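Novice: Next up is a structure, given as structure tokens.
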Amino acid sequence: MPSFNTVGKRVPKLDAADKATGRSRYIQDLKLPGMLFGRILYSKYAHARIVKIDASKARALPGVRAVLTGEDIPEIKMGVYKDNRPLKKGKVRSYRDEIAAVAAVDPQTAREALELIDVVYDPLPAVFDPEAAMQEGAPLVHEAHQTNVLRMPWKLHYGDVEAARREAAFTVSERFTTTWVTHCCMGTSGAIAEFDPGNNLTIHSNTQIPSLAQKEFLEALAAMGLPDRRVRVIKPCIGGGFGSKLDTYAYEYIAILLAYHTRRPVKIEFDRTEEFIATSARQPTITTISQGCDRNGKLLFRDVKMILDNGAYTSWGATTPSVMMMPITTLYRVPNVRYEASCVYTNNTYSQAMRGYGNPQATFAIESTIDMLAEAAGIEPLEFRRINANQPGDVSTQGLRITTCGLAECMEAVKAQLGWEQSRSRGEGVGIASLIHVGGGARVYKSDGCGAMLKMDDFGKVDIFTGATDMGQGSDTVIAQIVAEELGLNIEDIHVIHSDTDVCPWDVGAHASRTTFVAGNAALGAARKIKSRILEMAAKELYAPLEKLVLGRRHIQHVDEPDRRVEIGKLLRKAHFSHGGQMLMAESFYDPANENMGKDFRGNMSMTYTFGVHGVRVKVDEETGKVKVLNYVAAHDVGRAINPMLLEGQVYGGVMMGLGYALSEQVIMERGENMNPNFRDYKILTARDVVPIAAPVLETPDKDGPYGAKGIGEPGCVPTAPAVANAIYNAVGVRIKDLPITPERVLAAIRAKKGMDLCGRKTGTDSGEACVIEE
Amino acid sequence: MSKEITFTFNGNRMTARVEDHWTLLHFIREELGYTGTKEGCGSGECGACTVIVDGAAVNSCLYLTVELDGRSLMTIEGLAAADGSLHPLQKAFVEHGGIQCGFCSPGMILSAKALLDENPAASDEDIRTAIAGNLCRCTGYIQIIDSIKSVRGEAPEGPRVVAWRDEER
Amino acid sequence: MRNFTYLVPRSLNEAISMHESRRGRAKYIAGGTDVLVKMKEGKLAPDGLISLRHIIGQDRPFLNTETGELYIGAFMTHRSIERSPLVQHRYPVLHDAVKNIGSVQIRNVATIGGNLVNAVPSADGAIPLIALDGKAHIYGAKGYRLIDLARFFLGPGQCDLQGAEILTEIIIPPLSPRTGGAYVKHGRREAMELPMLGVGVLLSLEADLTTCAKARVCLGVAAPTPFRAREAEAYLTGRPVTEETLSEAGRIAAGESRVRDSIRGVAWYRREMVGVLVKRMGMLALERAKKRNE
């Protein structure tokens, strides 16, 4: 095993001291001279015609500088499907629809101005259930679209599922549902927009996609009659992402429009209620799935049909089936696969990317039914998975090429560390679930690339400009480690600049667990160019052949003669301060050789895949239905851990988020209205809910990853829910098929299994009194 | 209405004229200009705005500035030494991965400080209780708890017995 | 938040005259964690806030050793009650409740009196105090009055305080010998929860350490106000306290509750949990009662 100086070390995050001392500047902390405060008025109906908006009183309020409605703005098309606009015109399609916006001299005046805007609505019949929305005659969310079903034909069929079904010795079929959960970034959303006299835009915004946002804002400027201008996107320190910032939001465009109208910088900053209501959740799903295997437990087919509640507009949530295809076709070896997904407009909130990007929903259905199938086949669940585990060198039906795969090893780690075979008390159970996720980028856009530019100063210090976005996960630190390792420098010699599109190169965005792999490779590419030039200079300086020179501890030295060495800084100064002087700068753009999906959705979407197995031990209280997690093991095959401490942080954070998804979190949507837009009733887990988590890391250095690394940002929350559901089944014999797994659901299932109604009476017996469910 | 109050801010005595309706969070961020104290929810449910008043952790979003009169306030800016060197708790959070996006960190660190000042040998359970009101979405709390554990003192030997007596009128 | 005047009386009389002179446009504030949230949400917009934090003598629990009565100042923070060794050891039913209200940050400023006058069905502090037969000591322009805390709650958000009256103290009568109590807040998380259901049980045993001499079964969120399940209490009184009798008491208490569906829980589940948790808190109360006899 190679030895490294900084790679593989538990290097503290570069920005941690700033954050620990309160020095980091988030959007909340930024103020520009002359800045106004923008605020948005949202719809009071889930579906209604806008009859009239009277903003005259708001405009007359002292301190108000601008009021805009949908009628006042140009046709700016937003979103993945271009079916949204910043301020709505004609009608509203959900409660979060933006009706009007104001800019005022202070936040309080902006709030008061909103209350002075009179809107007359004409309510329309609305539809909240995606299955109902698919029916003939359902209210149309977008009349021009003519149907509520999006024209995104997610459909694949590899092999022959029907033939395999006939051949199967054991088959299970089930229906699973998942609901909205949301990112809950501790720092709420916000943006500050500002125009210069030439109408070039600078926008400070919390975004995970600076380059794509820049492009979309340029399109907005063109729609505003300002073609051919410049847009500069500056990211402040970001208080959490998790996918929420993967699309542009109406508030960003509204800030731009208000800034344009007022000729002043305008800031829009969400409060917590707004953050819950007006940012986009994880896509809810209804999944029907069947899987079958032969007598020996070998999987023969997987057949999945899914309905996704798209909400009223279309963001990246609607494209999650592209990633769901990965576990559906390739989690375990499955020769025959069919998948079909429909995204359906409703008058609910619309969805976005969220950590795992569809994978948690798909894996919940797959891994729950894997356990059911194992039971039907009479094979122990771990053994069943071992029989079907992917192996390095496999190419799945979808054309995903498995380069490295530690699935079997992860199973062993979970088995040992969880005490899989250990005896269990009453109500206790263990469950596992596996995962596959993209580990080498994912081609969801025309480019999956990231750029890096590197310059060195006279003292051997590096500035690296990356397209990557650090929203807390620590990508800056990982990039710095890679550059330091390659150039033989110390971590403190590396300065990472990632925050400004004026100086940083292009990147498709911080998604798909791709940053370490893609931005890491880009940084590595630039560092290698510099390295070869340093080595050339050193070879002349030391009169040594290139291949005999190594970099380390800020020096270049001869491998065999340690005394023949020169300090990198000294070498650089010499190159700079001589005739025809030179300074070292290099760039690199890395676009992984992953493939766009073909028309049958075949294609190797990622250069490599990350695998993992999660195991959990729970105790179910059979009287209350409460599930207590006793112990959790999350084993991942990560290629190489560039920074084990940050990697563990991703896994721990992912698992706790996943446990929330499994057990406690839920956006309660009643007829399109978010009923719990606060931390009281939207229950992310607290420090008191922490469970013991072990995060064994298996290293299977990948030939394409920087120093062998694969992505690990998302996997921690992918198989959590099915692992918990499987453990509950193991504990008390009930199969929960709907998330979250609330005590109510568990207790109802336990009673149903015992042949009781919800009130604990034997069903079928005539007790003379009805079981009253509601009052 | 406004009032003049005198208080100690991060060790320095200070007098200020404050509006009755200002929350302490507003006062610290907008009037004093120290932005290390964060607003995560504004309703006492996330703990990002935690500061220490007279040794006790409080949510500054639900604390009126007028109530600061005669008291002592510590914000995250008051924790590091004058030369910038980090407080042991800050150092621990840096070195143990207790910080990711960092938005909860100032409040989290101050909750931990209030705990350890009062109970240097806090148990794991004490730690989890002390920071239960500080929500974190990034870390899953594990490395935060590790950070705090790394700087707590040793528990005194033998079982911890708390004597009680009837308090008389 | 809208501007207002913050008034700082030093005595109860001063507070009351301030309140009266403002003719309903002023509101009392103690810790402020409820009042300020309501004001931020625009549900309250008083012209003045009258602080009760600086009125002397209401800031600690004390036991009158002659009478055996416990006095809890209404302006005591939950944190100071939680940390009172007296409460921890003699009144565990109260300790169970206050130690899980909100967060440390909230408990450091929020007061027990504020929790009570807020009169939400989920008031964690109310249930154990009702179980302990607590009396509300109320001061107004006409002087003092004392009412059973069980009768203090009139409806959601409504309590028996007239005009400028102030809840000043809770008085807990002497505990019967061989008394144990326990409270549980039922929710999804281990902290930061408003209860889906709150259940407090207090049992006093006869000298045989088996027979129930007195029972209190108090429920929160099981009706529009915190309440005593009196039929369950009557059933237990005089019977041996066992898992069976407690199960039956739970069943009776479930029948007495007027649960409903809300975003925090569905009615059928709440009713079922009344049964389960009355039994469990009863068992814990029994254990504690026996321990106190040792």
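If you're wondering about the labels, chains in the structure tokens are A, B, ... by order shown, residues count from 1 in each chain, ligands from 1 in order shown.
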Would you list which chain B residues are within 9 Å of chain A using only C-alpha atoms, as number ranges by chain?
Specialist: B: 29, 34-43, 45-46, 48, 76-80, 86, 89-91, 93-106, 109, 125, 127-143, 145
Novice: Considering only C-alpha atoms, give me a table of residues in chain C that are at most 12 Å from chain A, with the closest atom pair and distance in Å for each, as a Markdown table.
Specialist:
| residue | atom | partner | partner_atom | distance |
| --- | --- | --- | --- | --- |
| C:Met1 | CA | A:Gln108 | CA | 8.1 |
| C:Arg2 | CA | A:Gln108 | CA | 8.7 |
| C:Asn3 | CA | A:Gln108 | CA | 11.0 |
| C:Lys40 | CA | A:Gln108 | CA | 11.4 |
| C:Glu41 | CA | A:Thr273 | CA | 10.4 |
| C:Gly42 | CA | A:Arg111 | CA | 11.3 |
| C:Asn100 | CA | A:Arg688 | CA | 10.9 |
| C:Gly102 | CA | A:Arg680 | CA | 9.7 |
| C:Ser103 | CA | A:Thr686 | CA | 10.4 |
| C:His186 | CA | A:Thr624 | CA | 9.5 |
| C:Gly187 | CA | A:Lys626 | CA | 9.2 |
| C:Arg188 | CA | A:Ser664 | CA | 6.4 |
| C:Arg189 | CA | A:Asp689 | CA | 6.5 |
| C:Glu190 | CA | A:Arg688 | CA | 5.6 |
| C:Ala191 | CA | A:Arg688 | CA | 6.1 |
| C:Met192 | CA | A:Arg680 | CA | 7.2 |
| C:Glu193 | CA | A:Arg680 | CA | 6.7 |
| C:Leu194 | CA | A:Arg680 | CA | 7.2 |
| C:Pro195 | CA | A:Arg680 | CA | 10.4 |
| C:Met196 | CA | A:Asp681 | CA | 10.5 |
| C:Ala223 | CA | A:Glu775 | CA | 11.8 |
| C:Ser247 | CA | A:Glu623 | CA | 11.9 |
| C:Arg251 | CA | A:Cys759 | CA | 10.7 |
| C:Ala254 | CA | A:Cys759 | CA | 10.7 |
| C:Gly255 | CA | A:Val772 | CA | 11.3 |
| C:Ser257 | CA | A:Glu775 | CA | 11.5 |
| C:Arg258 | CA | A:Glu775 | CA | 8.4 |
| C:Val259 | CA | A:Glu775 | CA | 7.6 |
| C:Arg260 | CA | A:Glu775 | CA | 6.0 |
| C:Asp261 | CA | A:Glu774 | CA | 6.8 |
| C:Ser262 | CA | A:Met675 | CA | 10.1 |
| C:Ile263 | CA | A:Ile668 | CA | 7.4 |
| C:Arg264 | CA | A:Asp681 | CA | 7.2 |
| C:Gly265 | CA | A:Glu744 | CA | 8.2 |
| C:Val266 | CA | A:Glu774 | CA | 7.8 |
| C:Ala267 | CA | A:Glu774 | CA | 5.9 |
| C:Trp268 | CA | A:Ile773 | CA | 5.1 |
| C:Tyr269 | CA | A:Glu744 | CA | 6.2 |
| C:Arg270 | CA | A:Glu744 | CA | 9.2 |
| C:Arg271 | CA | A:Cys759 | CA | 8.5 |
| C:Glu272 | CA | A:Cys759 | CA | 6.7 |
| C:Met273 | CA | A:Thr624 | CA | 6.6 |
| C:Val274 | CA | A:Thr624 | CA | 10.1 |
| C:Gly275 | CA | A:Glu623 | CA | 9.7 |
| C:Val276 | CA | A:Glu623 | CA | 6.7 |
| C:Leu277 | CA | A:Thr624 | CA | 8.7 |
| C:Lys279 | CA | A:Glu623 | CA | 11.0 |
| C:Arg280 | CA | A:Glu623 | CA | 10.5 |
Novice: If you run DSSP on the backbone here, which positions in range 34-274 of chain C get helix (DSSP H, G or I)? Please write them as a ChimeraX atom specification.
Specialist: /C:35-40,78-82,85-90,92-98,104-107,112-118,126-131,149-151,230-236,243-256,267-274
Novice: I need the residues in range 2-161 of chain B that are strand (DSSP E) according to DSSP; give them as a VMD selection string.
Specialist: chain B and resid 2 to 9 12 to 19 50 to 53 56 to 59 72 to 74
Novice: Print the selection's residues with N, CA, C and O atoms to a file, as a CSV table (one decimal), in the first residue's frame.
Specialist:
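Final file, again_2.csv:
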chain,number,residue,atom,x,y,z
B,2,SER,N,-37.3,53.3,24.7
B,2,SER,CA,-35.9,52.7,24.8
B,2,SER,C,-35.4,52.9,26.2
B,2,SER,O,-36.0,53.7,27.0
B,3,LYS,N,-34.4,52.1,26.5
B,3,LYS,CA,-33.8,52.2,27.8
B,3,LYS,C,-32.3,52.1,27.8
B,3,LYS,O,-31.8,51.6,26.8
B,4,GLU,N,-31.7,52.6,28.8
B,4,GLU,CA,-30.2,52.5,28.8
B,4,GLU,C,-29.9,51.3,29.7
B,4,GLU,O,-30.4,51.1,30.8
B,5,ILE,N,-29.1,50.4,29.2
B,5,ILE,CA,-28.7,49.2,30.0
B,5,ILE,C,-27.2,49.2,30.1
B,5,ILE,O,-26.5,49.7,29.2
B,6,THR,N,-26.7,48.6,31.1
B,6,THR,CA,-25.3,48.3,31.3
B,6,THR,C,-25.1,46.9,31.6
B,6,THR,O,-25.9,46.2,32.3
B,7,PHE,N,-24.1,46.3,30.9
B,7,PHE,CA,-23.9,44.9,30.9
B,7,PHE,C,-22.5,44.6,30.6
B,7,PHE,O,-21.7,45.5,30.2
B,8,THR,N,-22.1,43.3,30.7
B,8,THR,CA,-20.8,42.9,30.3
B,8,THR,C,-20.9,42.1,29.0
B,8,THR,O,-21.7,41.2,28.9
B,9,PHE,N,-20.1,42.6,28.0
B,9,PHE,CA,-20.2,41.9,26.7
B,9,PHE,C,-18.8,41.3,26.5
B,9,PHE,O,-17.8,42.0,26.3
B,12,ASN,N,-16.2,42.7,28.5
B,12,ASN,CA,-16.0,44.2,28.6
B,12,ASN,C,-17.3,44.8,29.1
B,12,ASN,O,-18.4,44.5,28.5
B,13,ARG,N,-17.2,45.8,30.0
B,13,ARG,CA,-18.4,46.5,30.4
B,13,ARG,C,-18.9,47.4,29.3
B,13,ARG,O,-18.1,48.1,28.6
B,14,MET,N,-20.2,47.5,29.2
B,14,MET,CA,-20.7,48.2,28.1
B,14,MET,C,-22.0,48.9,28.5
B,14,MET,O,-22.8,48.3,29.2
B,15,THR,N,-22.3,50.1,28.0
B,15,THR,CA,-23.6,50.7,28.2
B,15,THR,C,-24.2,51.0,26.8
B,15,THR,O,-23.5,51.3,25.9
B,16,ALA,N,-25.5,50.7,26.7
B,16,ALA,CA,-26.1,50.9,25.4
B,16,ALA,C,-27.5,51.4,25.6
B,16,ALA,O,-28.2,51.1,26.6
B,17,ARG,N,-28.0,52.1,24.6
B,17,ARG,CA,-29.4,52.5,24.6
B,17,ARG,C,-30.1,51.5,23.7
B,17,ARG,O,-29.8,51.4,22.6
B,18,VAL,N,-31.1,50.8,24.2
B,18,VAL,CA,-31.8,49.8,23.5
B,18,VAL,C,-33.3,50.0,23.4
B,18,VAL,O,-33.9,50.5,24.4
B,19,GLU,N,-33.9,49.5,22.3
B,19,GLU,CA,-35.3,49.6,22.2
B,19,GLU,C,-35.9,48.4,23.0
B,19,GLU,O,-35.4,47.3,23.0
B,50,THR,N,-27.9,30.5,20.2
B,50,THR,CA,-27.6,30.3,21.6
B,50,THR,C,-26.4,31.2,22.0
B,50,THR,O,-25.4,31.3,21.4
B,51,VAL,N,-26.6,31.9,23.1
B,51,VAL,CA,-25.6,32.7,23.8
B,51,VAL,C,-25.6,32.4,25.3
B,51,VAL,O,-26.5,31.7,25.7
B,52,ILE,N,-24.6,32.9,26.0
B,52,ILE,CA,-24.6,32.6,27.4
B,52,ILE,C,-24.8,33.9,28.2
B,52,ILE,O,-24.1,34.9,28.0
B,53,VAL,N,-25.9,33.9,29.0
B,53,VAL,CA,-26.2,35.0,29.8
B,53,VAL,C,-26.0,34.6,31.3
B,53,VAL,O,-26.7,33.6,31.7
B,56,ALA,N,-25.7,30.9,31.8
B,56,ALA,CA,-26.7,30.0,31.3
B,56,ALA,C,-26.9,30.1,29.8
B,56,ALA,O,-27.0,31.3,29.3
B,57,ALA,N,-27.0,29.0,29.1
B,57,ALA,CA,-27.3,29.1,27.7
B,57,ALA,C,-28.7,29.5,27.5
B,57,ALA,O,-29.6,29.0,28.1
B,58,VAL,N,-28.9,30.5,26.6
B,58,VAL,CA,-30.3,30.9,26.3
B,58,VAL,C,-30.4,31.1,24.8
B,58,VAL,O,-29.4,31.3,24.1
B,59,ASN,N,-31.6,31.0,24.3
B,59,ASN,CA,-31.9,31.4,22.9
B,59,ASN,C,-32.0,32.9,22.8
B,59,ASN,O,-33.0,33.5,23.3
B,72,SER,N,-24.3,39.5,32.4
B,72,SER,CA,-23.1,39.3,31.6
B,72,SER,C,-23.4,38.5,30.4
B,72,SER,O,-24.1,37.4,30.5
B,73,LEU,N,-23.0,38.9,29.2
B,73,LEU,CA,-23.3,38.2,28.0
B,73,LEU,C,-22.1,37.7,27.3
B,73,LEU,O,-21.1,38.4,27.2
B,74,MET,N,-22.1,36.4,26.9
B,74,MET,CA,-21.0,35.9,26.1
B,74,MET,C,-21.5,35.4,24.8
B,74,MET,O,-22.5,34.6,24.7
Novice: Compile the residues of chain C that lie within 8 Å of chain B, evaluated using only C-alpha atoms, and express the compilation as a count of residues only.
Specialist: 27
Novice: Report, in Å to a single decimal, how far apart CA of Gly153 in chain B and CA of Asn119 in chain B are.
Specialist: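 Calculated distance between CA of Asn119 in chain B and CA of Gly153 in chain B is 8.8 Å.
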Novice: Write out as a VMD selection string the residues lying within 8 Å of range 199-216 of chain C, counting only C-alpha atoms and excluding same-chain residues fewer than 5 positions away.
Specialist: chain C and resid 93 127 to 128 131 to 132 176 to 185 228 to 230 233 to 234 236 to 241 274 277 to 278 281 to 282 285 to 286 289 to 290
Novice: Please write the residues from the selection above to a file, keeping N, CA and C atoms, as a compact mmCIF listing (two decimals), in the first residue's frame.
Specialist:
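New file out_37.txt:
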# COMPACT_ATOMS: atom_id res chain seq x y z
N VAL C 93 -42.41 12.92 40.03
CA VAL C 93 -43.40 13.09 38.98
C VAL C 93 -43.24 14.47 38.33
N ILE C 127 -49.61 18.73 34.29
CA ILE C 127 -50.07 17.37 34.61
C ILE C 127 -49.56 16.90 35.98
N PRO C 128 -48.24 16.96 36.22
CA PRO C 128 -47.78 16.49 37.54
C PRO C 128 -48.28 17.36 38.68
N ALA C 131 -51.64 16.27 39.46
CA ALA C 131 -51.55 14.97 40.12
C ALA C 131 -51.19 15.14 41.59
N LEU C 132 -50.38 16.16 41.87
CA LEU C 132 -49.96 16.40 43.25
C LEU C 132 -50.99 17.21 44.03
N SER C 176 -48.92 12.23 51.09
CA SER C 176 -49.28 11.11 51.97
C SER C 176 -48.06 10.20 52.06
N PRO C 177 -48.00 9.44 53.16
CA PRO C 177 -46.89 8.49 53.22
C PRO C 177 -47.00 7.47 52.09
N ARG C 178 -45.90 6.88 51.76
CA ARG C 178 -45.86 5.82 50.74
C ARG C 178 -46.47 6.28 49.41
N THR C 179 -46.02 7.49 48.99
CA THR C 179 -46.53 8.03 47.74
C THR C 179 -45.43 7.98 46.67
N GLY C 180 -45.81 7.58 45.49
CA GLY C 180 -44.87 7.62 44.35
C GLY C 180 -45.60 8.14 43.14
N GLY C 181 -44.87 8.78 42.27
CA GLY C 181 -45.51 9.30 41.06
C GLY C 181 -44.57 9.25 39.88
N ALA C 182 -45.15 9.30 38.70
CA ALA C 182 -44.32 9.29 37.49
C ALA C 182 -45.08 9.97 36.36
N TYR C 183 -44.29 10.60 35.49
CA TYR C 183 -44.89 11.29 34.34
C TYR C 183 -44.13 10.88 33.09
N VAL C 184 -44.85 10.75 32.00
CA VAL C 184 -44.18 10.51 30.72
C VAL C 184 -44.82 11.37 29.65
N LYS C 185 -43.92 11.90 28.82
CA LYS C 185 -44.36 12.62 27.64
C LYS C 185 -44.18 11.68 26.46
N ARG C 228 -58.09 15.34 35.14
CA ARG C 228 -57.96 14.13 35.96
C ARG C 228 -58.96 13.09 35.48
N ALA C 229 -58.49 11.88 35.28
CA ALA C 229 -59.38 10.78 34.91
C ALA C 229 -59.95 10.21 36.21
N ARG C 230 -61.05 10.81 36.65
CA ARG C 230 -61.53 10.51 38.00
C ARG C 230 -62.11 9.11 38.15
N GLU C 233 -59.25 6.89 38.72
CA GLU C 233 -58.75 7.08 40.08
C GLU C 233 -59.65 6.33 41.08
N ALA C 234 -60.96 6.47 40.89
CA ALA C 234 -61.90 5.82 41.81
C ALA C 234 -61.76 4.30 41.74
N LEU C 236 -59.10 2.57 41.06
CA LEU C 236 -57.86 2.10 41.71
C LEU C 236 -57.96 2.17 43.24
N THR C 237 -58.65 3.18 43.74
CA THR C 237 -58.67 3.42 45.19
C THR C 237 -59.28 2.22 45.92
N GLY C 238 -58.51 1.70 46.84
CA GLY C 238 -58.98 0.56 47.62
C GLY C 238 -58.62 -0.78 47.00
N ARG C 239 -58.13 -0.75 45.79
CA ARG C 239 -57.75 -2.02 45.15
C ARG C 239 -56.24 -2.24 45.26
N PRO C 240 -55.82 -3.47 45.18
CA PRO C 240 -54.37 -3.71 45.12
C PRO C 240 -53.81 -3.16 43.80
N VAL C 241 -52.65 -2.56 43.89
CA VAL C 241 -52.06 -2.01 42.67
C VAL C 241 -51.24 -3.11 42.00
N VAL C 274 -53.15 6.17 26.11
CA VAL C 274 -53.60 6.48 27.47
C VAL C 274 -53.61 5.18 28.28
N LEU C 277 -49.90 3.86 28.81
CA LEU C 277 -49.01 4.70 29.60
C LEU C 277 -49.52 4.89 31.03
N VAL C 278 -50.82 4.86 31.23
CA VAL C 278 -51.33 4.90 32.60
C VAL C 278 -50.83 3.66 33.34
N MET C 281 -46.93 4.16 33.88
CA MET C 281 -46.61 5.17 34.89
C MET C 281 -47.10 4.70 36.26
N GLY C 282 -48.19 3.95 36.25
CA GLY C 282 -48.67 3.37 37.50
C GLY C 282 -47.65 2.41 38.08
N ALA C 285 -44.83 4.42 39.39
CA ALA C 285 -45.25 5.11 40.61
C ALA C 285 -45.25 4.14 41.79
N LEU C 286 -45.71 2.93 41.54
CA LEU C 286 -45.74 1.90 42.57
C LEU C 286 -44.33 1.61 43.09
N ALA C 289 -43.12 4.48 45.10
CA ALA C 289 -43.80 4.57 46.39
C ALA C 289 -43.17 3.58 47.37
N LYS C 290 -42.89 2.38 46.85
CA LYS C 290 -42.27 1.37 47.73
C LYS C 290 -40.88 1.82 48.16
Novice: Please provide as a PyMOL selection string all residues within 9 Å of Leu551 in chain A, with the sequence filter that same-chain residues fewer than 3 positions apart are discarded (counting only C-alpha atoms).
Specialist: chain A and resi 485-489+531+535+554-557+568
Novice: Please, could you write that set of residues out with C-alpha atoms as a PDB file, in the first residue's frame?
Specialist:
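The new file result_8.pdb reads:
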ATOM      1  CA  GLU A 485      -0.031  15.319  -1.803  1.00  0.00           C
ATOM      2  CA  GLU A 486       0.727  15.684  -5.484  1.00  0.00           C
ATOM      3  CA  LEU A 487       3.050  18.660  -5.055  1.00  0.00           C
ATOM      4  CA  GLY A 488       4.771  17.520  -1.877  1.00  0.00           C
ATOM      5  CA  LEU A 489       3.452  20.480   0.069  1.00  0.00           C
ATOM      6  CA  LYS A 531       4.480  18.959 -10.876  1.00  0.00           C
ATOM      7  CA  LEU A 535      10.432  18.335 -11.775  1.00  0.00           C
ATOM      8  CA  ARG A 554       8.165  21.287   0.387  1.00  0.00           C
ATOM      9  CA  HIS A 555      11.277  19.941  -1.321  1.00  0.00           C
ATOM     10  CA  ILE A 556      12.364  18.036  -4.396  1.00  0.00           C
ATOM     11  CA  GLN A 557      14.987  15.506  -3.693  1.00  0.00           C
ATOM     12  CA  ILE A 568      10.273  24.193  -3.968  1.00  0.00           C
TER      13      ILE A 568
END
Novice: Report, in Å to a single decimal, how far apart CA of Tyr707 in chain A and CA of Gly603 in chain A are.
Specialist: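 Atom-to-atom, CA of Gly603 in chain A to CA of Tyr707 in chain A, that is 25.2 Å.
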Novice: I want to know what sits within 8 Å of Gly358 in chain A, based on only C-alpha atoms, with residues of the same chain fewer than 6 positions away left out; could you give that as a list of chain:residue names?
Specialist: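 With the cut-off at 8 Å, the set is A:Gln283, A:Gly317, A:Thr320, A:Pro321, A:Val323, A:Met324.
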Novice: So the first atom is CA of Glu699 in chain A and the second is CA of Met354 in chain A; what is the distance between them in Å, to one decimal place?
Specialist: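 Going from CA of Glu699 in chain A over to CA of Met354 in chain A, I get 26.3 Å.
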Novice: Any idea what's packed within 6 Å of Met456 in chain A, counting only C-alpha atoms, ignoring anything in its chain fewer than 5 positions away? Could you give it as a list of chain:residue names?
Specialist: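 After dropping sequence-adjacent residues, the list is A:Lys461, A:Val462, A:Leu584.
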